[in-house]
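To keep things clear, I will list the structure first and then write my remarks on it.
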Amino acid sequence: MKKYIIISIILLQSINIFAQKIRVLNLENSQPVPFAAVYFPDLKTGANTDENGFFSTENLPKTVLGQISCVGYKTWLQQIDIQKVTEVFLTPDAHDLQEIVVAGYSSKLQGENVLNVEKLTLSAENQGVNLVEKLTKIAGLDNFSTGASIGKPVIRGLSGNRIAVFAQGVRLENQQWGDEHGLGLDENGFENVEVIKGAASLLYGSDAIGGVLCFVDERFANENSVEARLSAEYQANTNGFRNNAAIKFSKNRWRANFFGGYTQHFDYKDGNRNSVINSRFRNGDFKTAIGYSGKNFVTSLKYSFLAEKYGLLPDPTPTLPEGEGVADISNLHKICSVRRSPSFGGGRGEVLPFQTINTHIISTENSIFLQNNSKLQLDLGAVLNRRKEFADLTPNTSPSGEGNEAELDMNLSTISYNFRWYSPKFKDKISLIVGSQGMFQNNQNFGNEELIPNANTVDFGLFAVSDFYYSKKSFVQFGLRFDNRNISAFEQQSPENETVVGQARNGNGLKKNYSSINFSAGIFQPIYKNLSMRLNFSSGFRAPTMFELLSDGIHEGTNRYEKGNSELKTENSYQADFSLNFNSKHLEFFINPYVNFFKNYIYLQPTDSIVDNAQVFDYVQNSAILYGGEAAFHFHPHPVDWLHFDGSYSATFGENVGAERALPLPLMPSQKIKLTLQGNFKFKKILTNFSVFLNYQYSFAQNRIAVYEVQTPDYHLFNCGMDFDFLFGKQKLFLNISANNIFNQKYFDHLSRYKTEGILNIGRNFIVKITVPFEWKI
């Protein structure tokens, strides 16, 4: 009897073990696929198949979206019912290794999406001093820069409040209307960024009229393991360094990530090897995430803190003479030398003015898996942004800098929610997403100046979007959305009950309400074998900002007296976007033209008036049109697998078509051609991988300019670099060496704010980065 009991127990254990594993097989010969990468987007964690093709499902929800990829096979992406699925088959394919994108709220392979989504892996990018400069590798994305430190993303000629930024699952709000207000994120702790080009208000609400940046958090460690990473980077041009550390662990159903880093750069040198005074900056960051997965739900709690400090171009700034040309900046170094701040830089002679920004983001992401493969998703978040600008030392400033009063001190607090219901796929043809988004925002002023008044902003939106599959790969997508934004401004009072005089008009009693209905309709259609097309029509909207409504004074750093307009209406856009894609064994390419028509486009118009020695600019509205496109290719001949040749072309043109005659819109990026030649080599000893690349960029001259802009000539940039992967026993080490602007080109980028002051962009820059990863099994 004892013998039978033991046999029964062994059989039950065997059945249980078998039920908690799935095997990945080759579709053609049913052989196991060892060491394939398995990733679960909802859990933000994954595993690898063993030598027999198995991976464990022990701690997974009953139904979960799974992505399986392996070199030599097509990427597999489907819902997995772990109680029914025991085998997954991969189709052999030497070149089709697509990535999943989550932008658009429905996880799809990148090449099978109605939306125009580009994806960039941040850990692989070293070509730049700031984060936005690294993002410009994506065709159609440019950098509106303030020196080498501050960058604002520009998507097809639109930036600031015309682009929505999402991080940790929530919308990032950090006074993005300001030209000198940067992105406000550090790449530490983010795995990649997904960029939606064009109007995306249907899914993301107001301000997504020009596009969306979705920063995707770094995934948790693989199941039952601990991962750690140390990295150090040095940049010669700025004598700058960047040190980061990370530790991640996953045990059964619990997971946690911790990241920390510190970055400091001093003044950059231009192509003439002249230092650009007060272009220095530093920041420190901390980020953590804790996650738990149950049988029917997944939840995570995330927190990040970023402290930034940026030098600014001192005032009074040199001004341009009337007409074309560049400013005389011979007195700039003298201006800087007498306005030093003992609080910024630790003996490096740091100068005023400068700004400090502290940003806290806390969020929670929650998924509940219902019957029949439906899902509820609720994301909640709070963003606390404190921005201060210091212009002059006060008499009571101590040697440490304490007591220095901020000229500008703004506290922006934002609470938001994002709720979505995902339907099951009806008859394998129709899926539906219904959702609601909302935001409450409060701005308070504490400084001597007031750029925008104390105000509350309340957003509310409802949307629905549906996919209809009329064949296995072909589908149409359509959706509808309603939004409402309410703005209430208040007059700030001093302790003596006197109105604070600043750069904002009296906002006392100002109440504005804006509503909009938007749509999106698109189609994805394979045409023939390796050829497919994507067509999308969408609308978007943007409510005016408080700065556009109520500003009334000199905007520091621009030498303009800007007057707001409280009668501004909602900005509306209507975009058509087409893409033709080809993907074969040796060659991939796409062509992506677009046209974007704006109703009530808001822009600055110069007047003949002069106030305080500055020309007056009014905020006005008119019809406008933006058009252009991108084209790119990737050539990887087989069997010469080590060789890769990439290229892209991007162009954006903007015109004010509502005036008596069409005039160019301001701050349109110049046309660009980018080419990269890369070789990847594999070895079996200490050096396991080696790659080398040469990059070339040609930027066209920008002569299509607005009335108050300065033309910029064309320029050429060359970059190169080498990557080494070492293996010392079981310890890995990665070494990256690169050189940007090899020939020390002297140039002005058209989207550089410093070009009107005659200040060149950054010159030659050598970068060295070392990364040491660690991994242990629990």
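Going by the structure tokens order, chains are called A, B, ..., each with residues numbered from 1, while ligands are numbered from 1 in the order shown.
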(request) Looking only at helix (DSSP H, G or I) from DSSP on the backbone, list the matching residues of region 122-177 of chain A as an MDAnalysis selection string. (result) chainID A and resid 122:124 131:135 160:162
(message) Excluding Phe35 (chain A) and its own-chain neighbours fewer than 3 positions away, which residues fall within 6 Å of it when counting only C-alpha atoms? Please give them as a list in words.
(response) Asn48, Thr49 and Asp50 of chain A
(request) Excluding Pro664 (chain A) and residues on its chain fewer than 3 positions from it, collect all residues at most 7 Å away from it, counting only C-alpha atoms, and give them as an NGL selection string. (result) :A and (654-656 or 704-706)
I need the residues from that last selection saved to file as a PDB file, in the first residue's frame (with C-alpha atoms), if you can.
```pdb
ATOM      1  CA  GLY A 654       5.430  75.001 -41.920  1.00  0.00           C
ATOM      2  CA  GLU A 655       3.422  77.908 -43.283  1.00  0.00           C
ATOM      3  CA  ASN A 656       0.983  80.443 -41.909  1.00  0.00           C
ATOM      4  CA  ARG A 704      12.579  79.443 -44.854  1.00  0.00           C
ATOM      5  CA  ILE A 705      12.341  81.605 -41.741  1.00  0.00           C
ATOM      6  CA  ALA A 706       9.815  83.768 -39.915  1.00  0.00           C
TER       7      ALA A 706
END
```
(request) Give the answer as one residue: which of A:Phe582, A:Leu412, A:Tyr39, A:Asn244 has the shortest atom-to-atom distance to Arg534 (chain A), using only C-alpha atoms? (result) A:Phe582
(request) Counting only C-alpha atoms, figure out which residue out of A:Tyr561, A:Tyr696, A:Phe463, A:Phe259 gets nearest to Ala614 (chain A). (result)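 Going through A:Tyr561, A:Tyr696, A:Phe463, A:Phe259 one by one, the smallest distance to Ala614 (chain A) is for A:Tyr561.
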